[in-house]
$ cat start-v9.txt   # compact mmCIF, N, CA and C atoms
# COMPACT_ATOMS: atom_id res chain seq x y z
N MET A 7 0.85 -1.18 0.00
CA MET A 7 0.00 0.00 0.00
C MET A 7 0.89 1.25 0.00
N PRO A 8 0.69 2.14 -0.93
CA PRO A 8 1.54 3.34 -0.98
C PRO A 8 1.26 4.28 0.20
N ASP A 9 2.24 5.10 0.51
CA ASP A 9 2.08 6.06 1.59
C ASP A 9 1.01 7.07 1.20
N LYS A 10 0.23 7.49 2.17
CA LYS A 10 -0.82 8.47 1.89
C LYS A 10 -0.23 9.83 1.56
N TYR A 11 0.86 10.19 2.24
CA TYR A 11 1.50 11.49 2.03
C TYR A 11 2.97 11.28 1.71
N ASN A 12 3.50 12.07 0.77
CA ASN A 12 4.93 12.02 0.46
C ASN A 12 5.32 13.27 -0.32
N VAL A 13 6.63 13.45 -0.52
CA VAL A 13 7.15 14.66 -1.16
C VAL A 13 6.94 14.68 -2.67
N ASP A 14 6.38 13.62 -3.23
CA ASP A 14 6.07 13.62 -4.65
C ASP A 14 4.66 14.13 -4.92
N MET A 15 3.92 14.44 -3.87
CA MET A 15 2.61 15.08 -4.01
C MET A 15 2.83 16.57 -4.25
N THR A 16 1.86 17.20 -4.90
CA THR A 16 2.02 18.64 -5.13
C THR A 16 1.79 19.40 -3.84
N LEU A 17 2.34 20.59 -3.80
CA LEU A 17 2.14 21.46 -2.65
C LEU A 17 0.65 21.71 -2.46
N GLY A 18 -0.07 21.91 -3.55
CA GLY A 18 -1.51 22.13 -3.47
C GLY A 18 -2.25 20.96 -2.85
N GLU A 19 -1.89 19.73 -3.25
CA GLU A 19 -2.53 18.53 -2.68
C GLU A 19 -2.26 18.44 -1.18
N LEU A 20 -1.03 18.69 -0.80
CA LEU A 20 -0.66 18.60 0.62
C LEU A 20 -1.37 19.67 1.45
N LEU A 21 -1.54 20.85 0.89
CA LEU A 21 -2.20 21.93 1.64
C LEU A 21 -3.71 21.79 1.64
N ASP A 22 -4.26 21.03 0.70
CA ASP A 22 -5.71 20.81 0.67
C ASP A 22 -6.16 19.82 1.74
N ASP A 23 -5.22 19.05 2.27
CA ASP A 23 -5.53 18.06 3.30
C ASP A 23 -5.17 18.64 4.67
N PRO A 24 -6.12 18.70 5.60
CA PRO A 24 -5.84 19.33 6.90
C PRO A 24 -4.69 18.68 7.69
N VAL A 25 -4.52 17.37 7.56
CA VAL A 25 -3.48 16.68 8.32
C VAL A 25 -2.09 17.06 7.79
N SER A 26 -1.90 16.96 6.47
CA SER A 26 -0.58 17.29 5.92
C SER A 26 -0.34 18.80 5.96
N GLU A 27 -1.38 19.60 5.84
CA GLU A 27 -1.22 21.06 5.95
C GLU A 27 -0.70 21.43 7.34
N LYS A 28 -1.29 20.86 8.37
CA LYS A 28 -0.86 21.15 9.75
C LYS A 28 0.60 20.74 9.95
N PHE A 29 0.96 19.57 9.43
CA PHE A 29 2.35 19.10 9.55
C PHE A 29 3.30 20.07 8.87
N LEU A 30 3.02 20.44 7.62
CA LEU A 30 3.91 21.34 6.89
C LEU A 30 4.05 22.68 7.59
N LYS A 31 2.94 23.22 8.05
CA LYS A 31 2.98 24.54 8.69
C LYS A 31 3.68 24.50 10.05
N SER A 32 3.86 23.30 10.61
CA SER A 32 4.56 23.17 11.89
C SER A 32 6.08 23.18 11.72
N LEU A 33 6.55 23.01 10.49
CA LEU A 33 7.99 22.97 10.24
C LEU A 33 8.58 24.38 10.28
N PRO A 34 9.77 24.52 10.85
CA PRO A 34 10.39 25.85 10.95
C PRO A 34 10.49 26.55 9.59
N GLY A 35 9.92 27.74 9.51
CA GLY A 35 10.00 28.55 8.31
C GLY A 35 9.02 28.19 7.21
N MET A 36 8.35 27.04 7.35
CA MET A 36 7.48 26.57 6.27
C MET A 36 6.18 27.38 6.19
N ALA A 37 5.59 27.76 7.31
CA ALA A 37 4.33 28.53 7.27
C ALA A 37 4.54 29.84 6.52
N GLN A 38 5.65 30.49 6.79
CA GLN A 38 5.97 31.75 6.12
C GLN A 38 6.16 31.52 4.62
N LEU A 39 6.83 30.45 4.27
CA LEU A 39 7.06 30.12 2.86
C LEU A 39 5.74 29.80 2.15
N ILE A 40 4.89 29.02 2.79
CA ILE A 40 3.62 28.60 2.20
C ILE A 40 2.73 29.80 1.90
N GLU A 41 2.79 30.80 2.74
CA GLU A 41 1.91 31.95 2.57
C GLU A 41 2.52 33.04 1.69
N SER A 42 3.68 32.79 1.12
CA SER A 42 4.32 33.78 0.26
C SER A 42 3.69 33.75 -1.14
N PRO A 43 3.79 34.85 -1.87
CA PRO A 43 3.26 34.87 -3.24
C PRO A 43 3.90 33.81 -4.14
N GLN A 44 5.17 33.51 -3.91
CA GLN A 44 5.85 32.50 -4.72
C GLN A 44 5.21 31.12 -4.53
N ALA A 45 4.75 30.84 -3.33
CA ALA A 45 4.14 29.54 -3.06
C ALA A 45 2.88 29.35 -3.89
N GLN A 46 2.14 30.41 -4.10
CA GLN A 46 0.92 30.31 -4.90
C GLN A 46 1.25 29.85 -6.32
N MET A 47 2.39 30.24 -6.83
CA MET A 47 2.80 29.83 -8.17
C MET A 47 3.30 28.39 -8.20
N ALA A 48 3.62 27.83 -7.03
CA ALA A 48 4.21 26.50 -6.95
C ALA A 48 3.21 25.42 -6.55
N MET A 49 1.94 25.75 -6.44
CA MET A 49 0.95 24.78 -5.97
C MET A 49 0.87 23.52 -6.83
N GLY A 50 1.19 23.61 -8.10
CA GLY A 50 1.13 22.45 -8.99
C GLY A 50 2.41 21.64 -9.03
N PHE A 51 3.41 22.03 -8.24
CA PHE A 51 4.69 21.32 -8.21
C PHE A 51 4.81 20.48 -6.95
N SER A 52 5.50 19.35 -7.08
CA SER A 52 5.73 18.50 -5.90
C SER A 52 6.81 19.14 -5.03
N LEU A 53 6.85 18.73 -3.78
CA LEU A 53 7.91 19.24 -2.89
C LEU A 53 9.28 18.87 -3.44
N ARG A 54 9.39 17.71 -4.08
CA ARG A 54 10.67 17.30 -4.67
C ARG A 54 11.07 18.27 -5.78
N GLN A 55 10.12 18.65 -6.63
CA GLN A 55 10.41 19.60 -7.71
C GLN A 55 10.78 20.97 -7.14
N ILE A 56 10.08 21.38 -6.11
CA ILE A 56 10.36 22.68 -5.48
C ILE A 56 11.76 22.67 -4.89
N GLN A 57 12.14 21.56 -4.24
CA GLN A 57 13.47 21.47 -3.64
C GLN A 57 14.54 21.53 -4.72
N GLU A 58 14.34 20.81 -5.81
CA GLU A 58 15.34 20.80 -6.88
C GLU A 58 15.51 22.20 -7.48
N TYR A 59 14.40 22.89 -7.68
CA TYR A 59 14.46 24.26 -8.23
C TYR A 59 15.15 25.19 -7.22
N SER A 60 14.75 25.08 -5.96
CA SER A 60 15.33 25.91 -4.92
C SER A 60 16.84 25.70 -4.82
N GLU A 61 17.27 24.46 -4.90
CA GLU A 61 18.70 24.14 -4.79
C GLU A 61 19.48 24.74 -5.95
N SER A 62 18.86 24.79 -7.14
CA SER A 62 19.56 25.37 -8.29
C SER A 62 19.62 26.89 -8.20
N MET A 63 18.63 27.51 -7.56
CA MET A 63 18.57 28.97 -7.47
C MET A 63 19.28 29.51 -6.23
N ALA A 64 19.15 28.80 -5.13
CA ALA A 64 19.74 29.25 -3.86
C ALA A 64 20.24 28.04 -3.09
N PRO A 65 21.42 27.54 -3.45
CA PRO A 65 21.96 26.34 -2.79
C PRO A 65 21.96 26.46 -1.27
N GLY A 66 21.51 25.39 -0.62
CA GLY A 66 21.50 25.35 0.84
C GLY A 66 20.23 25.86 1.47
N GLN A 67 19.36 26.50 0.71
CA GLN A 67 18.13 27.05 1.29
C GLN A 67 17.12 25.95 1.61
N PHE A 68 16.99 24.96 0.72
CA PHE A 68 16.08 23.83 0.91
C PHE A 68 16.84 22.62 0.40
N THR A 69 17.49 21.91 1.32
CA THR A 69 18.41 20.82 0.95
C THR A 69 17.69 19.48 0.76
N LYS A 70 18.40 18.55 0.12
CA LYS A 70 17.86 17.20 -0.05
C LYS A 70 17.66 16.53 1.31
N GLU A 71 18.54 16.85 2.25
CA GLU A 71 18.41 16.29 3.59
C GLU A 71 17.12 16.77 4.24
N GLN A 72 16.80 18.06 4.07
CA GLN A 72 15.54 18.58 4.61
C GLN A 72 14.36 17.91 3.94
N LEU A 73 14.45 17.72 2.63
CA LEU A 73 13.38 17.06 1.88
C LEU A 73 13.16 15.64 2.40
N GLU A 74 14.25 14.92 2.66
CA GLU A 74 14.15 13.56 3.18
C GLU A 74 13.49 13.54 4.55
N GLU A 75 13.81 14.51 5.40
CA GLU A 75 13.19 14.59 6.73
C GLU A 75 11.69 14.89 6.60
N ILE A 76 11.34 15.78 5.69
CA ILE A 76 9.92 16.09 5.46
C ILE A 76 9.21 14.85 4.95
N ASP A 77 9.85 14.11 4.04
CA ASP A 77 9.23 12.89 3.51
C ASP A 77 8.99 11.88 4.62
N LYS A 78 9.95 11.70 5.50
CA LYS A 78 9.77 10.77 6.64
C LYS A 78 8.59 11.21 7.50
N GLY A 79 8.53 12.52 7.76
CA GLY A 79 7.42 13.03 8.58
C GLY A 79 6.07 12.84 7.91
N LEU A 80 6.00 13.12 6.61
CA LEU A 80 4.74 12.94 5.88
C LEU A 80 4.32 11.48 5.86
N LYS A 81 5.27 10.59 5.63
CA LYS A 81 4.95 9.17 5.58
C LYS A 81 4.50 8.63 6.94
N GLY A 82 4.88 9.33 8.01
CA GLY A 82 4.48 8.90 9.35
C GLY A 82 3.10 9.40 9.76
N LEU A 83 2.49 10.23 8.93
CA LEU A 83 1.17 10.77 9.28
C LEU A 83 0.07 9.74 9.10

$ encode --input "start-v9.txt" --output "structure tokens"
Amino acid sequence: MPDKYNVDMTLGELLDDPVSEKFLKSLPGMAQLIESPQAQMAMGFSLRQIQEYSESMAPGQFTKEQLEEIDKGLKGL
């Protein structure tokens, strides 16, 4: 059975679900990021795609290690 939540889901899908939305907003700095104008443009992208783009534009801002930790947390919901 596949995990209900993971980093390959779009930001929009994760924020549409109250459980995953609460988890994401509990992460340091994530609530501020989610409510930014840039986040509105990224709703159709997965967290993995967002991380890859972020790493190419601003290395170290959203690392693969952080993505892996978020994925573990989402899969544990």

$ closest_residue --input "start-v9.txt" --among "A:Ala45, A:Val13, A:Val25, A:Ile40" --to "Leu83 in chain A" --atoms "only C-alpha atoms"
A:Val25

$ closest_residue --input "start-v9.txt" --among "A:Met63, A:Glu75, A:Ser52, A:Gln46" --to "Leu17 in chain A" --atoms "all atoms listed in the file"
A:Ser52

$ atom_distance --input "start-v9.txt" --atom1 "atom C of Lys10 in chain A" --atom2 "CA of Lys81 in chain A"
6.6 Å

$ closest_residue --input "start-v9.txt" --among "A:Met36, A:Leu73, A:Leu80, A:Leu21" --to "Arg54 in chain A" --atoms "only C-alpha atoms"
A:Leu73

$ select_by_dssp --input "start-v9.txt" --residues "chain A" --states "helix (DSSP H, G or I)" --output "VMD selection string"
chain A and resid 17 to 22 24 to 32 36 to 40 43 to 47 53 to 63 70 to 81

$ closest_residue --input "start-v9.txt" --among "A:Gly50, A:Lys78, A:Glu58, A:Gly66" --to "Thr16 in chain A" --atoms "only N, CA and C atoms"
A:Gly50

$ atom_distance --input "start-v9.txt" --atom1 "atom N of Leu39 in chain A" --atom2 "atom N of Asp9 in chain A"
26.0 Å

$ atom_distance --input "start-v9.txt" --atom1 "atom N of Gln44 in chain A" --atom2 "CA of Pro65 in chain A"
18.3 Å

$ residues_around --input "start-v9.txt" --residues "range 18-20 of chain A" --least-positions-apart "4" --cutoff "7 Å" --atoms "only N, CA and C atoms" --output "mmCIF file with N, CA and C atoms, keeping the file's coordinate frame"
data_model
loop_
_atom_site.group_PDB
_atom_site.id
_atom_site.type_symbol
_atom_site.label_atom_id
_atom_site.label_comp_id
_atom_site.auth_asym_id
_atom_site.auth_seq_id
_atom_site.Cartn_x
_atom_site.Cartn_y
_atom_site.Cartn_z
ATOM 1 N N PRO A 24 -6.120 18.700 5.600
ATOM 2 C CA PRO A 24 -5.840 19.330 6.900
ATOM 3 C C PRO A 24 -4.690 18.680 7.690
ATOM 4 N N VAL A 25 -4.520 17.370 7.560
ATOM 5 C CA VAL A 25 -3.480 16.680 8.320
ATOM 6 C C VAL A 25 -2.090 17.060 7.790
ATOM 7 N N SER A 26 -1.900 16.960 6.470
ATOM 8 C CA SER A 26 -0.580 17.290 5.920
ATOM 9 C C SER A 26 -0.340 18.800 5.960
ATOM 10 N N GLU A 27 -1.380 19.600 5.840
ATOM 11 C CA GLU A 27 -1.220 21.060 5.950
ATOM 12 C C GLU A 27 -0.700 21.430 7.340
ATOM 13 N N ALA A 48 3.620 27.830 -7.030
ATOM 14 C CA ALA A 48 4.210 26.500 -6.950
ATOM 15 C C ALA A 48 3.210 25.420 -6.550
ATOM 16 N N MET A 49 1.940 25.750 -6.440
ATOM 17 C CA MET A 49 0.950 24.780 -5.970
ATOM 18 C C MET A 49 0.870 23.520 -6.830
ATOM 19 N N GLY A 50 1.190 23.610 -8.100
ATOM 20 C CA GLY A 50 1.130 22.450 -8.990
ATOM 21 C C GLY A 50 2.410 21.640 -9.030
ATOM 22 N N PHE A 51 3.410 22.030 -8.240
ATOM 23 C CA PHE A 51 4.690 21.320 -8.210
ATOM 24 C C PHE A 51 4.810 20.480 -6.950
#
